[in-house]
Structure formats: C-alpha cells, structure tokens
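Listing of run.txt; format and content: compact mmCIF, C-alpha atoms.
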```
# COMPACT_ATOMS: atom_id res chain seq x y z
CA ASN K 1 -110.19 7.36 109.99
CA ALA K 2 -110.30 4.14 112.00
CA GLY K 3 -112.21 2.09 109.40
CA VAL K 4 -114.03 -0.81 111.04
CA THR K 5 -113.49 -1.43 114.73
CA GLN K 6 -114.76 -4.23 116.94
CA THR K 7 -115.08 -4.54 120.69
CA PRO K 8 -114.15 -6.55 122.61
CA LYS K 9 -111.10 -8.17 121.03
CA PHE K 10 -111.37 -11.27 123.17
CA ARG K 11 -113.95 -12.65 125.58
CA VAL K 12 -114.50 -15.81 127.60
CA LEU K 13 -118.08 -16.72 128.48
CA LYS K 14 -119.68 -19.49 130.42
CA THR K 15 -122.46 -21.48 128.81
CA GLY K 16 -125.74 -19.63 129.17
CA GLN K 17 -124.24 -16.16 129.60
CA SER K 18 -125.13 -13.35 127.27
CA MET K 19 -123.02 -10.73 125.58
CA THR K 20 -123.05 -8.12 122.86
CA LEU K 21 -120.35 -7.59 120.28
CA LEU K 22 -120.04 -4.07 118.92
CA CYS K 23 -118.98 -3.15 115.41
CA ALA K 24 -118.42 0.47 114.47
CA GLN K 25 -117.45 2.00 111.13
CA ASP K 26 -116.61 5.59 110.32
CA MET K 27 -116.78 5.29 106.52
CA ASN K 28 -120.49 6.08 106.20
CA HIS K 29 -121.10 2.64 104.70
CA GLU K 30 -124.66 1.51 104.18
CA TYR K 31 -124.12 -2.23 104.40
CA MET K 32 -122.75 -4.10 107.37
CA TYR K 33 -122.17 -7.80 107.98
CA TRP K 34 -121.41 -10.19 110.81
CA TYR K 35 -119.45 -13.35 110.02
CA ARG K 36 -118.06 -16.16 112.05
CA GLN K 37 -114.96 -18.04 110.98
CA ASP K 38 -114.16 -21.54 112.13
CA PRO K 39 -111.37 -23.90 111.03
CA GLY K 40 -112.37 -25.75 107.87
CA MET K 41 -115.65 -23.82 107.60
CA GLY K 42 -114.52 -20.54 106.16
CA LEU K 43 -116.42 -17.29 106.59
CA ARG K 44 -120.09 -17.84 107.30
CA LEU K 45 -122.57 -14.98 107.27
CA ILE K 46 -124.62 -14.66 110.45
CA HIS K 47 -126.68 -11.52 109.88
CA TYR K 48 -126.38 -8.46 107.74
CA SER K 49 -127.87 -5.00 107.33
CA VAL K 50 -128.49 -2.98 104.18
CA GLY K 51 -129.09 0.26 106.06
CA GLU K 52 -129.93 1.89 109.36
CA GLY K 53 -132.86 0.21 111.02
CA THR K 54 -132.77 -2.88 108.80
CA THR K 55 -131.39 -6.37 109.45
CA ALA K 56 -131.61 -9.71 107.68
CA LYS K 57 -130.61 -13.30 108.36
CA GLY K 58 -127.58 -14.82 106.79
CA GLU K 59 -126.42 -18.38 106.50
CA VAL K 60 -126.13 -19.25 110.22
CA PRO K 61 -128.42 -16.89 112.22
CA ASP K 62 -129.64 -19.24 114.95
CA GLY K 63 -128.60 -18.21 118.45
CA TYR K 64 -127.75 -14.65 117.43
CA ASN K 65 -129.62 -11.37 117.23
CA VAL K 66 -128.56 -8.07 115.73
CA SER K 67 -129.52 -4.43 115.76
CA ARG K 68 -128.62 -1.45 113.57
CA LEU K 69 -130.05 1.54 115.41
CA LYS K 70 -127.36 3.87 114.09
CA LYS K 71 -125.81 3.73 110.66
CA GLN K 72 -122.29 3.47 112.03
CA ASN K 73 -122.96 0.67 114.53
CA PHE K 74 -123.97 -2.95 114.10
CA LEU K 75 -124.45 -5.00 117.26
CA LEU K 76 -124.37 -8.78 117.49
CA GLY K 77 -125.98 -10.35 120.53
CA LEU K 78 -125.73 -13.79 122.01
CA GLU K 79 -128.63 -14.31 124.39
CA SER K 80 -127.51 -17.65 125.83
CA ALA K 81 -124.04 -18.61 124.75
CA ALA K 82 -123.24 -22.21 123.81
CA PRO K 83 -119.85 -23.89 123.29
CA SER K 84 -120.75 -24.21 119.59
CA GLN K 85 -120.54 -20.43 119.40
CA THR K 86 -116.84 -20.47 120.19
CA SER K 87 -115.41 -18.80 117.14
CA VAL K 88 -113.77 -15.73 115.67
CA TYR K 89 -116.33 -13.10 114.77
CA PHE K 90 -115.67 -10.59 112.03
CA CYS K 91 -117.66 -7.52 111.18
CA ALA K 92 -117.47 -6.00 107.71
CA SER K 93 -118.94 -2.99 105.94
CA ARG K 94 -119.22 -1.75 102.37
CA THR K 95 -120.60 1.08 100.26
CA GLY K 96 -122.42 0.64 96.98
CA GLN K 97 -119.34 -1.06 95.58
CA GLU K 98 -119.06 -4.71 96.46
CA THR K 99 -115.76 -4.56 98.33
CA GLN K 100 -116.13 -5.41 102.00
CA TYR K 101 -113.82 -4.00 104.66
CA PHE K 102 -113.29 -6.07 107.76
CA GLY K 103 -112.76 -5.27 111.40
CA PRO K 104 -109.94 -6.94 113.37
CA GLY K 105 -112.20 -9.63 114.80
CA THR K 106 -113.44 -10.76 118.20
CA ARG K 107 -112.27 -14.09 119.58
CA LEU K 108 -114.96 -15.69 121.69
CA LEU K 109 -114.50 -18.74 123.86
CA VAL K 110 -117.58 -20.30 125.44
CA LEU K 111 -116.86 -22.77 128.20
CA ARG V 1 -120.98 -28.61 96.03
CA LYS V 2 -120.04 -25.17 97.35
CA GLU V 3 -120.78 -22.21 95.12
CA VAL V 4 -117.17 -21.03 95.33
CA GLU V 5 -114.45 -23.65 95.62
CA GLN V 6 -110.73 -23.38 96.23
CA ASP V 7 -107.92 -25.88 96.60
CA PRO V 8 -107.06 -25.58 100.31
CA GLY V 9 -103.38 -26.38 99.71
CA PRO V 10 -101.06 -25.82 101.39
CA PHE V 11 -98.91 -24.59 98.57
CA ASN V 12 -95.27 -24.62 99.62
CA VAL V 13 -93.02 -22.67 97.27
CA PRO V 14 -89.48 -21.30 97.48
CA GLU V 15 -88.85 -17.62 97.63
CA GLY V 16 -88.79 -16.14 94.12
CA ALA V 17 -91.10 -18.75 92.63
CA THR V 18 -94.25 -18.10 90.65
CA VAL V 19 -97.39 -19.66 92.06
CA ALA V 20 -100.98 -19.73 90.84
CA PHE V 21 -104.24 -20.56 92.57
CA ASN V 22 -107.58 -21.23 90.97
CA CYS V 23 -111.02 -20.50 92.29
CA THR V 24 -114.05 -22.05 90.59
CA TYR V 25 -117.58 -20.74 90.87
CA SER V 26 -120.85 -22.42 89.97
CA ASN V 27 -123.20 -19.45 89.59
CA SER V 28 -122.88 -18.16 86.04
CA ALA V 29 -124.70 -14.97 87.12
CA SER V 30 -121.77 -13.93 89.30
CA GLN V 31 -120.72 -10.47 88.24
CA SER V 32 -117.54 -9.67 90.07
CA PHE V 33 -114.89 -11.45 92.03
CA PHE V 34 -112.44 -10.67 94.77
CA TRP V 35 -109.22 -12.01 96.16
CA TYR V 36 -108.61 -11.33 99.83
CA ARG V 37 -105.51 -12.09 101.81
CA GLN V 38 -105.79 -13.29 105.40
CA ASP V 39 -102.84 -13.57 107.72
CA CYS V 40 -102.97 -15.93 110.67
CA ARG V 41 -105.35 -14.65 113.35
CA LYS V 42 -106.04 -11.46 111.39
CA GLU V 43 -108.92 -10.10 109.36
CA PRO V 44 -109.24 -10.63 105.59
CA LYS V 45 -107.89 -7.72 103.56
CA LEU V 46 -108.71 -6.97 99.95
CA LEU V 47 -105.95 -7.90 97.56
CA MET V 48 -107.65 -7.47 94.21
CA SER V 49 -111.03 -6.99 92.56
CA VAL V 50 -111.90 -8.54 89.20
CA TYR V 51 -114.80 -7.11 87.22
CA SER V 52 -113.98 -8.09 83.64
CA SER V 53 -111.24 -10.25 82.19
CA GLY V 54 -108.59 -9.57 84.76
CA ASN V 55 -106.55 -7.23 86.88
CA GLU V 56 -102.89 -6.70 87.64
CA ASP V 57 -101.19 -5.04 90.58
CA GLY V 58 -97.43 -5.35 90.74
CA ARG V 59 -96.51 -9.00 91.26
CA PHE V 60 -100.14 -10.06 91.46
CA THR V 61 -102.34 -10.86 88.47
CA ALA V 62 -105.92 -12.08 88.54
CA GLN V 63 -107.56 -13.61 85.47
CA LEU V 64 -111.24 -14.34 84.96
CA ASN V 65 -112.38 -17.14 82.65
CA ARG V 66 -116.16 -16.88 82.38
CA ALA V 67 -116.45 -19.75 79.90
CA SER V 68 -114.89 -22.18 82.38
CA GLN V 69 -116.14 -20.28 85.43
CA TYR V 70 -112.95 -19.78 87.32
CA ILE V 71 -110.67 -17.00 88.41
CA SER V 72 -106.99 -17.39 89.03
CA LEU V 73 -104.46 -15.52 91.11
CA LEU V 74 -100.86 -15.50 89.95
CA ILE V 75 -98.09 -14.36 92.26
CA ARG V 76 -94.73 -13.72 90.67
CA ASP V 77 -91.39 -13.52 92.48
CA SER V 78 -92.88 -14.80 95.74
CA LYS V 79 -91.74 -13.16 98.96
CA LEU V 80 -91.69 -14.62 102.44
CA SER V 81 -94.28 -12.01 103.34
CA ASP V 82 -96.71 -13.48 100.80
CA SER V 83 -97.27 -16.43 103.15
CA ALA V 84 -100.95 -16.24 104.05
CA THR V 85 -104.35 -17.69 103.22
CA TYR V 86 -105.94 -16.35 100.04
CA LEU V 87 -109.71 -16.15 100.00
CA CYS V 88 -111.77 -15.96 96.84
CA ALA V 89 -115.24 -14.41 96.80
CA SER V 90 -117.92 -13.87 94.17
CA TYR V 91 -120.66 -11.25 94.00
CA ASN V 92 -124.06 -11.44 92.39
CA ALA V 93 -126.32 -8.41 92.72
CA GLY V 94 -129.30 -10.74 92.80
CA ASN V 95 -127.99 -12.40 95.96
CA ASN V 96 -129.00 -9.65 98.35
CA ARG V 97 -125.65 -7.89 98.02
CA LYS V 98 -123.75 -10.69 99.73
CA LEU V 99 -120.37 -12.10 98.88
CA ILE V 100 -120.02 -15.86 98.50
CA TRP V 101 -116.75 -17.02 99.98
CA GLY V 102 -114.43 -19.88 99.25
CA LEU V 103 -112.65 -21.64 102.10
CA GLY V 104 -109.26 -20.25 101.13
CA THR V 105 -105.93 -21.47 99.82
CA SER V 106 -102.95 -21.59 102.14
CA LEU V 107 -99.58 -20.41 100.79
CA ALA V 108 -96.24 -20.85 102.52
CA VAL V 109 -93.22 -19.22 100.90
CA ASN V 110 -90.02 -20.76 102.17
CA PRO V 111 -86.51 -19.25 102.28
```
Go ahead and render the structure in this file as structure tokens.
Amino acid sequence: NAGVTQTPKFRVLKTGQSMTLLCAQDMNHEYMYWYRQDPGMGLRLIHYSVGEGTTAKGEVPDGYNVSRLKKQNFLLGLESAAPSQTSVYFCASRTGQETQYFGPGTRLLVL
Amino acid sequence: RKEVEQDPGPFNVPEGATVAFNCTYSNSASQSFFWYRQDCRKEPKLLMSVYSSGNEDGRFTAQLNRASQYISLLIRDSKLSDSATYLCASYNAGNNRKLIWGLGTSLAVNP
C-alpha cells in the first residue's frame, strides 16, 4: 500500500514550457486535491476533485488545469509555465472522513 | 484576516520542556480541526484530529475551545525529534469538503 505518490519528484522548466504532474493513490479515496506551498503563504488549494470525472477550482487555479479520468489518478497540468509557478506542489486525498493524506511533493523550478 | 491563524513562531524550547501552540479560527460553523506536522522539505502528516472538546495521544494533547474559537496543541516532554512546523486546519462540511489551513507554527527543540 503506497498511499499517495507523486511524479516527478523534481523538475526544472523554462518559461513557456508545459508539463503534467501525476498524483496516484491506492486507497480508493473519492476526494483528491492539488496544493502549492510557498514560503510565507502556506498551503494554497489549486484544484480539487470530489470523484472520478469531476474537478473544481480552488483558491489559486489560474495557469493550471486538472483531470480526473480515473479514480486513482489526479493530473495537474501547466500549459505555459511561468516563474511565479516555482513552488512545491502537494497532492492529497481523503475518504468520507475529513483527514487528508499527502503525497511527498513535487519541487518545480521555472526559469 | 485569515480564517485560520497561527503564531508563526519560531518557538525555541529546551529538550524536556512543555510547549503549547494556539490556532484561532473565525468561522463558527467549523466542525472539526486537525493538527498536522510538517518536517522541512517533506509533506504534512496528520498528528491529531479534534472533533469535540479535545484529544490526547501520548505526549500530545489538543484542546478545542468553541466559545473562544481556538484549538491548542500541547506537547509535553519535548524531544529533539519534535522540531518541525505544526499546521492547523479546520473543516466545515458546507465549504465544499475543503480544509482551511493556517500558515503553521515553527518549533525548534534544543539540546
């Protein structure tokens, strides 16, 4: 039981490049979340999903897109990366209980 | 004003000391609360959930004061390994199943 996994662990992009971050969970959780964490800003919700095939905007959705085609996977896409998107990205999932379980994070540097 | 607020610290305490953090929340409809621990460059991990008046787990005790709208985390007999950032989060079922996060309190336990 791996819990929540994220790939890649680290990535460097040039401004304007695109990439997809993958989050996978093997706990059969309905809800999944993408956060970014920046110094002094705390955890900020980007997008979330309450079930397969559904997505919704969080607090800071601009510049990101998501998809939840399979229950176990939640993808975060950056279509045209900007330096302001340099951050640590965490994925989390939960069941009907409120507790969220986090993946190990992806560190993204946009030059 | 943020919905969940924490004193950022840092709290510097000697090994063996007792230390307490407070977390205040502004939404009186918040139903449950969580303390997460986050080590440097790692993901947040659940430390304790608080659904009613409080919870205790070994050296850790969380207390909820609904009248004053705060929750506290008490750590007794501090260990060096307790050094981390402690994140507080609140949950309100009417908020689209999202957690509202504080910015965290930094704790350093010194030998």
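Minimum atom-to-atom distances from V:Gly58, V:Gly94, V:Pro8, V:Gly16 to chain K were compared using all atoms listed in the file, and the lowest value belongs to V:Pro8.
Across V:Thr18, V:Thr61, V:Ser106, V:Ser30, the tightest approach to Ala84 (chain V) is made by V:Ser106 when counting all atoms listed in the file.
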Applying 8 Å and all atoms listed in the file, which residues near region 34-40 of chain K remain after dropping the ones on its own chain fewer than 6 positions away? List them as a short mmCIF file (atom, residue, chain, number, x, y, z; two decimals) with C-alpha atoms, in the frame of the given file.
```cif
data_model
loop_
_atom_site.label_atom_id
_atom_site.label_comp_id
_atom_site.auth_asym_id
_atom_site.auth_seq_id
_atom_site.Cartn_x
_atom_site.Cartn_y
_atom_site.Cartn_z
CA ILE K 46 -124.62 -14.66 110.45
CA HIS K 47 -126.68 -11.52 109.88
CA TYR K 48 -126.38 -8.46 107.74
CA LEU K 76 -124.37 -8.78 117.49
CA SER K 87 -115.41 -18.80 117.14
CA VAL K 88 -113.77 -15.73 115.67
CA TYR K 89 -116.33 -13.10 114.77
CA PHE K 90 -115.67 -10.59 112.03
CA CYS K 91 -117.66 -7.52 111.18
CA ALA K 92 -117.47 -6.00 107.71
CA LEU V 103 -112.65 -21.64 102.10
#
```
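In this comparison, which uses all atoms listed in the file, the residue of V:Lys79, V:Arg59, V:Arg66, V:Arg41 approaching chain K most closely is V:Arg41.
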Protein/DNA/RNA residues near (-88.2, -20.9, 94.4), cut 12 Å, only C-alpha atoms, as a PyMOL selection string: chain V and resi 12-19+76-80+108-111
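Minimum atom-to-atom distances from V:Ser72, V:Gln63, V:Gln6, V:Asn92 to Gly42 (chain K) were compared using all atoms listed in the file, and the lowest value belongs to V:Gln6.
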One-decimal distance in Å that lies between CA of Ser84 (chain K) and CA of Gln72 (chain K): 28.7 Å
7 Å contacts from chain K to chain V using all atoms listed in the file, as a PyMOL selection string: chain K and resi 41-43+102-105
I'd like the box whose edges run along x, y and z of the file and which contains every listed atom of region 47-65 of chain V, padded by 6 Å per side; could you state its centre and edge lengths in Å, one decimal, as JSON?
```
{"center_x": -105.7, "center_y": -11.1, "center_z": 89.9, "size_x": 30.3, "size_y": 24.1, "size_z": 27.4}
```
Nearby residues (all atoms listed in the file) at most 7 Å from region 9-11 of chain K, same-chain spacing under 4 positions excluded, as a ChimeraX atom specification: /K:105-109
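For the pair CA of Arg44 (chain K) and CA of Asn65 (chain V), the separation is 25.8 Å.
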